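What follows is a set of notes on a single structure, which appears directly below.
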Amino acid sequence: MISNKRLVLAHFWLAFAVFGVAILLGEWQMFIRSPLHAWLHNPDLYYRSVTAHGTVMGYVFPTLIAMGFGYAITELALDQPLIGRRWAWAGYTMIIIGSIAAVVPVALGLDSVLYTFYPPMIGNAFYYIGVVLVVVGSWIWVALMGINLQAWKRAHPGAPVPLPMFANVAAAYLWGWTAVGAALELLFQILPVALGFSNTINAGLSRVLFSWTLHAIVYFWLMPAYIAFYTIVPRAIGGRLYSDTMARISFVLFLVFSMPIGIHHLFADPQVGSGFKFIHSVFTAMVAVPTLLTVFTIGASVEIAARLRGGKGVFGWLKALPWDNPQMLALAFSFVMLGFGGAGGLINMSYQLDSTIHNTQWVTGHFHLIFGGAIVIMYFAIAYDLWPHLTGRAMRDLSLIRAQLWLWFIGMIVTTFPWHYVGILGMPRRMAYFDYSAPGAAGEAIWVVMSTLGGALLVVSAVLFLVILYRNHSACQVEPAPFTFSKAIHEPVSLPLALNGLGLWVGLMIALTITNYGYPIVQLMGLPDAKVPAVFVGAK
Amino acid sequence: MNAHRPRLISFRNPWFSASVGAISLLFLFSAFVGFVWLPSAQDDALFKGLLNAICSAAGRPGAWLGEAAPAVPPKAPVSSVVLTPGMFDGASAGGSIGRGATLALRCTMCHGARGVSAANTPDLAGQYAASIYKELRDFQSAARTSAIMAPMVVGLSDQDLRDLSAYYAALPRDGGSGERKMQPVPTIVATGAPMRNVAPCESCHGDMATKLGAPWLGLQPRDYLKSQLEAFAHGGRHNDISAQMRNIARNMTPDEINASASYYAGNR
Amino acid sequence: MAQTFSANSHDTAALTARIEKRWAFLMVGIISLLVAVVIFTSLHWAMMPPSRVETINPSTLHLSGEFVESNLGSAVEPDGSITVRVVGQQYSFTPQCIVVPSKTLITFRVTSADVIHGMLITGTNINSMVEPGYISTFKTEFKQPGDHLMPCHEYCGVGHEAMWANVKVVDKDVFSKMALNTRRLTCDF
């Protein structure tokens, strides 16, 4: 039972509202740089749009989803009212203020630095301050998740922490620590220059600090999706979770391995030595392990559901699955996209193959397939599952929901597969326009048009999604059955200390940060020669 | 009681010892491979020997070019101005507008009493200080050649050039940029020609963005703009640092040179 | 329904744990194999991402040192290899057109005069960041003559979309003839 429905709804609605705006920007970007549109007469409009699209989709949208979902999980899984409700609203307010402070100067063209900042390029300070406020607002949530778990543990000594809360707090701690990298970059490198206290900046050090955040943030985006895989989908399709222990192990492995691997984004950089690049490459390979474990556990859980429904045979059980159930559909689509995206990711993280596709459209295709595809489709599924419990009204548009999920899946495949392909051809990303008539670029035109059409499908699907949620608010009132999470085949009776808390794993995460990032950061800090003059965006 | 309670951080806890042990092993293995084994396959001198290999793989800065042919010196003088955002920071470095106004008396013949000229000479009123300063220094060092300007800058000190730059930068621009706004923006100004590496003029000189050292071009004389673009294109003018403007002008067609010069000149 | 699973709770728990342990070992095995492939190629072809850290002041590239304008382009070294020096700046590479011989060891030395840039050469594996304050050094060899595009692949400001350079790979003999007349070669004209 959720007692703070307004809080959760406020987070979800704000998240989906900004998502709705940002997806329009995304499609506009794809359209104006495709052969379907003449070259933009003010290329800066494109870069403003990329900055806004990335800032919203990368920082604001998933953070709000994780927060709203986290507050819901706290009350549903622990069966206690949220401690720190006022603080939660304060965090929410900070995110709103931060987002406005960030987006206004971007719209005015003062901060076309893209959401990856790229110092020594420096824009208006308000953008960076806004991003910092968003992060600080989310840190309030991180603290609240920890406090709520501790309060529950004190009240239930020795009892196993419910899996959803365990995973949720793992996600919170992961975010709390991984955001530190970008925060250090913003507070100690960029803001002093943006506010006029300094004129120089170490671009190489900034990139290393940003990489600390850049990769692990993807796992923070991923966590709500994985929580849904483990704790919502098996229940929704009438099955059982195959293994509670393996689920916990997967989440703690994410906590340990998703952070000390970010230098794989810097394989082509001149300021980091190859030794650290190799270490990060190996640890990046390790972060595939929890995903591969998840594939097994969830696959087995789904099979249980099918067999309970009378499915037979080695593969015949697949037919017995409830394919008309949106949760089933979303899970299947998410796994397919995760499979392709993960395979592409293995190329990105590979020490040698990366150089074929580094910074090309391949990379854009990769993270849209993983995040926009595999992860966001589960955000939809989470919303569909929670909404009746938040509004107290029936969710009846089942066929519309199915159409929406299908459209998102097809749209994402049509958008991202051509991107991967033109990336291999050597098409760089983030350019306001291309000369498709040039020799060497002509072969790309048709693929770019195709991905633009895929983007249009995504826009239709997003609109459909918002309509479905909106319509639910005026549907007939129902008393939904009490919300439950999936039950494991063997519910834990008692758990080893290591799997009933996150202390050990947070400790390992911090230790690996020191071993894998400590030396490169300290060494670059000690290179005064590498401090270079800032270049101010649109400087006069 | 405490002695019997299982402890998390203890090698008696199998979870602790297994996870810490496995991760330590993984780290040591990958460190050995990354810092010792793989560098051994490289033939750079700085990777030879165990200590060198480890330091280089860790990212210790070094001089990575072995024996190389000596650098080729320039045939003609090149600009020696260092452009940084802090170049005018400080009281004297920023220049004195009053002193600059006195010094500017010698410039009025061609550039006008208030930095707005009637002839085919560039307007200086409201020009960026960095741009004026750079060109004056380049005239002094002969990186930019001009029979008229060369004698004018002889004997001026660095402080004089800063004062002049500050003075002209502070003067109001000639009103009339409104006229230019009415004209349609030529393609070359708005979008450039990407495959010929011609960036939009506006990305350095325009309302969209300004690059440090690149001048404001609004309402400069048409013939002046055209002759400078052509001089850059043929290499006659070469005081642009690392050929940044020659790279652009060289790839512009005569029509594009005309169109952009006309656009920035307005009715002049 | 759930009773079917918990009926013999202890046995099934052991069974599920055994199956998933097997899967976990299999997965760790696959990952180890991937890492082994990476190590093998690193040793066998001596392929490695850049590791040659070297700093330089981006504001004074044009004053002295190896990145002065007259020293940019392709240089023939005493050992017959080629060193190509390139400066990236808003919004062009200098030289704009790089000319190199095929089947020859080539060392690139690239740096930026202002913001972060990147470079890739289409149809090859050449791909590097170009950052102010640091020199990117990497070695390569072109198998056959041909023309390639060389876009800047990292956002460097509003003119980024126009930052395209060209690379011409010419036959070794043709290059030698070109190198007779000049000490630093480019195909800028």
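Each chain of the structure tokens is named A, B, ... in the order shown, its residues numbered from 1; ligands are numbered from 1 in display order.
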Report the closest atom pair, with its distance in Å rounded to one decimal, for each residue of chain B that has an atom no farther than 7 Å from chain A; count only C-alpha atoms, sort by chain and then rising residue number, and write it as a Markdown table.
```
| residue | atom | partner | partner_atom | distance |
| --- | --- | --- | --- | --- |
| B:Leu8 | CA | A:Leu497 | CA | 6.2 |
| B:Trp15 | CA | A:Ala498 | CA | 6.3 |
| B:Ser30 | CA | A:Ile279 | CA | 5.3 |
| B:Ala31 | CA | A:Ile279 | CA | 6.2 |
| B:Gly34 | CA | A:Gly275 | CA | 4.3 |
| B:Phe35 | CA | A:Gly275 | CA | 4.8 |
| B:Ser56 | CA | A:Gly273 | CA | 6.5 |
| B:Ala57 | CA | A:Gly275 | CA | 4.4 |
| B:Ala58 | CA | A:Gly273 | CA | 4.7 |
| B:Gly59 | CA | A:Gly273 | CA | 3.8 |
| B:Thr84 | CA | A:Pro533 | CA | 6.1 |
| B:Pro85 | CA | A:Pro533 | CA | 6.7 |
| B:Gly86 | CA | A:Asn199 | CA | 6.4 |
| B:Ala190 | CA | A:His41 | CA | 5.1 |
| B:Thr191 | CA | A:His41 | CA | 5.7 |
| B:Pro194 | CA | A:Asp435 | CA | 6.8 |
| B:Met195 | CA | A:Asp435 | CA | 6.7 |
| B:Met208 | CA | A:Gly538 | CA | 6.5 |
| B:Ala209 | CA | A:Gly538 | CA | 3.9 |
| B:Thr210 | CA | A:Ala539 | CA | 5.3 |
| B:Lys211 | CA | A:Ala539 | CA | 6.6 |
```
Output file for the residues above (C-alpha atoms, as an mmCIF file, in the first residue's frame):
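What ended up in again-v2.cif:
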```cif
data_model
loop_
_atom_site.group_PDB
_atom_site.id
_atom_site.type_symbol
_atom_site.label_atom_id
_atom_site.label_comp_id
_atom_site.auth_asym_id
_atom_site.auth_seq_id
_atom_site.Cartn_x
_atom_site.Cartn_y
_atom_site.Cartn_z
ATOM 1 C CA LEU B 8 30.863 -9.116 7.963
ATOM 2 C CA TRP B 15 31.530 -14.139 1.470
ATOM 3 C CA SER B 30 44.869 -7.584 -15.152
ATOM 4 C CA ALA B 31 47.536 -5.264 -13.745
ATOM 5 C CA GLY B 34 48.307 -4.542 -18.715
ATOM 6 C CA PHE B 35 51.507 -3.197 -17.198
ATOM 7 C CA SER B 56 54.624 4.090 -19.547
ATOM 8 C CA ALA B 57 51.576 1.874 -19.199
ATOM 9 C CA ALA B 58 50.613 3.902 -16.143
ATOM 10 C CA GLY B 59 50.683 7.059 -18.235
ATOM 11 C CA THR B 84 44.218 33.313 -24.435
ATOM 12 C CA PRO B 85 41.076 34.412 -22.632
ATOM 13 C CA GLY B 86 43.260 35.992 -19.945
ATOM 14 C CA ALA B 190 25.090 30.223 -42.682
ATOM 15 C CA THR B 191 26.128 26.652 -43.426
ATOM 16 C CA PRO B 194 31.323 20.941 -44.973
ATOM 17 C CA MET B 195 33.067 18.608 -47.363
ATOM 18 C CA MET B 208 26.170 32.689 -33.674
ATOM 19 C CA ALA B 209 29.619 32.449 -32.110
ATOM 20 C CA THR B 210 32.899 34.287 -32.028
ATOM 21 C CA LYS B 211 36.299 32.696 -31.935
#
```
- Task: Compute the set of chain B residues within 7 Å of chain C, using only C-alpha atoms, and express it as a PyMOL selection string.
- Result: chain B and resi 38+41-42+56-57+59-64+68-69+71-74+80+82-83+193-195+197-200+203+241-244+247
Let's have the selection written as an mmCIF file, in the first residue's frame, with C-alpha atoms.
```
data_model
loop_
_atom_site.group_PDB
_atom_site.id
_atom_site.type_symbol
_atom_site.label_atom_id
_atom_site.label_comp_id
_atom_site.auth_asym_id
_atom_site.auth_seq_id
_atom_site.Cartn_x
_atom_site.Cartn_y
_atom_site.Cartn_z
ATOM 1 C CA LEU B 38 51.308 -6.420 -23.135
ATOM 2 C CA ALA B 41 55.054 -6.597 -27.340
ATOM 3 C CA GLN B 42 55.682 -2.917 -28.144
ATOM 4 C CA SER B 56 54.624 4.090 -19.547
ATOM 5 C CA ALA B 57 51.576 1.874 -19.199
ATOM 6 C CA GLY B 59 50.683 7.059 -18.235
ATOM 7 C CA ARG B 60 53.905 8.765 -17.153
ATOM 8 C CA PRO B 61 54.495 11.637 -19.579
ATOM 9 C CA GLY B 62 57.524 11.250 -21.790
ATOM 10 C CA ALA B 63 58.930 12.298 -25.147
ATOM 11 C CA TRP B 64 57.523 9.706 -27.494
ATOM 12 C CA ALA B 68 63.228 12.762 -35.974
ATOM 13 C CA ALA B 69 64.319 15.087 -38.705
ATOM 14 C CA ALA B 71 61.843 21.003 -37.464
ATOM 15 C CA VAL B 72 61.571 23.039 -40.647
ATOM 16 C CA PRO B 73 61.720 26.767 -39.849
ATOM 17 C CA PRO B 74 59.165 29.097 -41.440
ATOM 18 C CA SER B 80 53.764 35.369 -32.650
ATOM 19 C CA VAL B 82 49.468 34.143 -28.000
ATOM 20 C CA LEU B 83 45.689 34.304 -27.780
ATOM 21 C CA ALA B 193 30.542 23.856 -47.265
ATOM 22 C CA PRO B 194 31.323 20.941 -44.973
ATOM 23 C CA MET B 195 33.067 18.608 -47.363
ATOM 24 C CA ASN B 197 36.069 22.122 -44.809
ATOM 25 C CA VAL B 198 34.514 25.586 -45.054
ATOM 26 C CA ALA B 199 32.859 26.178 -41.681
ATOM 27 C CA PRO B 200 29.975 28.672 -41.584
ATOM 28 C CA SER B 203 30.629 30.070 -36.401
ATOM 29 C CA ILE B 241 47.698 31.053 -36.712
ATOM 30 C CA SER B 242 48.250 27.516 -38.044
ATOM 31 C CA ALA B 243 46.542 28.432 -41.336
ATOM 32 C CA GLN B 244 43.084 28.485 -39.798
ATOM 33 C CA ASN B 247 42.233 26.541 -44.872
#
```
So that I can check the surroundings of region 220-223 of chain A, please list as a PDB file with N, CA and C atoms, in the first residue's frame every protein, DNA and RNA residue that reaches within 7 Å of it, counting only C-alpha atoms and ignoring chain neighbours fewer than 2 positions away.
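This went into part.pdb:
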```
ATOM      1  N   PRO A  62      15.751   9.616 -16.188  1.00  0.00           N
ATOM      2  CA  PRO A  62      15.960   8.366 -15.444  1.00  0.00           C
ATOM      3  C   PRO A  62      16.103   8.583 -13.944  1.00  0.00           C
ATOM      4  N   ALA A 171      20.911   0.371  -6.036  1.00  0.00           N
ATOM      5  CA  ALA A 171      20.879   1.377  -7.106  1.00  0.00           C
ATOM      6  C   ALA A 171      21.177   2.754  -6.534  1.00  0.00           C
ATOM      7  N   LEU A 174      24.841   3.042  -5.674  1.00  0.00           N
ATOM      8  CA  LEU A 174      25.610   3.112  -6.916  1.00  0.00           C
ATOM      9  C   LEU A 174      25.591   4.536  -7.457  1.00  0.00           C
ATOM     10  N   TRP A 175      24.401   5.121  -7.489  1.00  0.00           N
ATOM     11  CA  TRP A 175      24.274   6.467  -8.029  1.00  0.00           C
ATOM     12  C   TRP A 175      24.992   7.481  -7.141  1.00  0.00           C
ATOM     13  N   ALA A 216      28.996   4.236 -15.321  1.00  0.00           N
ATOM     14  CA  ALA A 216      28.148   3.678 -14.259  1.00  0.00           C
ATOM     15  C   ALA A 216      26.751   4.276 -14.288  1.00  0.00           C
ATOM     16  N   ILE A 217      26.613   5.472 -14.860  1.00  0.00           N
ATOM     17  CA  ILE A 217      25.280   6.082 -14.917  1.00  0.00           C
ATOM     18  C   ILE A 217      24.344   5.168 -15.715  1.00  0.00           C
ATOM     19  N   VAL A 218      24.902   4.446 -16.674  1.00  0.00           N
ATOM     20  CA  VAL A 218      24.087   3.547 -17.482  1.00  0.00           C
ATOM     21  C   VAL A 218      23.487   2.450 -16.600  1.00  0.00           C
ATOM     22  N   ALA A 225      14.910  -1.117 -14.377  1.00  0.00           N
ATOM     23  CA  ALA A 225      14.499  -2.155 -15.323  1.00  0.00           C
ATOM     24  C   ALA A 225      14.777  -3.541 -14.742  1.00  0.00           C
ATOM     25  N   TYR A 226      15.960  -3.702 -14.130  1.00  0.00           N
ATOM     26  CA  TYR A 226      16.310  -5.007 -13.573  1.00  0.00           C
ATOM     27  C   TYR A 226      15.440  -5.330 -12.364  1.00  0.00           C
ATOM     28  N   ILE A 227      15.126  -4.300 -11.574  1.00  0.00           N
ATOM     29  CA  ILE A 227      14.234  -4.544 -10.431  1.00  0.00           C
ATOM     30  C   ILE A 227      12.896  -5.053 -10.960  1.00  0.00           C
ATOM     31  N   ILE A 375      15.921  -0.453 -21.624  1.00  0.00           N
ATOM     32  CA  ILE A 375      15.635   0.092 -20.293  1.00  0.00           C
ATOM     33  C   ILE A 375      14.315   0.860 -20.276  1.00  0.00           C
TER      34      ILE A 375
END
```
- Message: Here is a test: counting only C-alpha atoms, which residue of C:Lys177, C:Arg18, C:His148, C:Lys168 is nearest to chain A?
- Response: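 Of C:Lys177, C:Arg18, C:His148, C:Lys168, the one nearest chain A is C:His148, counting only C-alpha atoms.
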- If we count only C-alpha atoms, which residues of chain A reach to within 7 Å of chain C? Please list them as a ChimeraX atom specification. /A:43-44,118,120-121,267-274,282,285,289,292-293,351-352,355-356,358-360,425-426,428-433,489-490,529-532,535
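Closest approach to Leu156 (chain B) among B:Ile9, B:Val116, B:Leu28, B:Ala104: B:Ala104, based on only C-alpha atoms.
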- Query: Separation of CA of Tyr242 (chain A) and CA of Val493 (chain A), in Å?
  - Reply: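 One can read the CA of Tyr242 (chain A) to CA of Val493 (chain A) distance as 15.5 Å.
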- Message: Quick check, in Å to one decimal: how far apart do CA of Trp177 (chain A) and CA of Leu26 (chain B) lie?
- Response: 22.1 Å
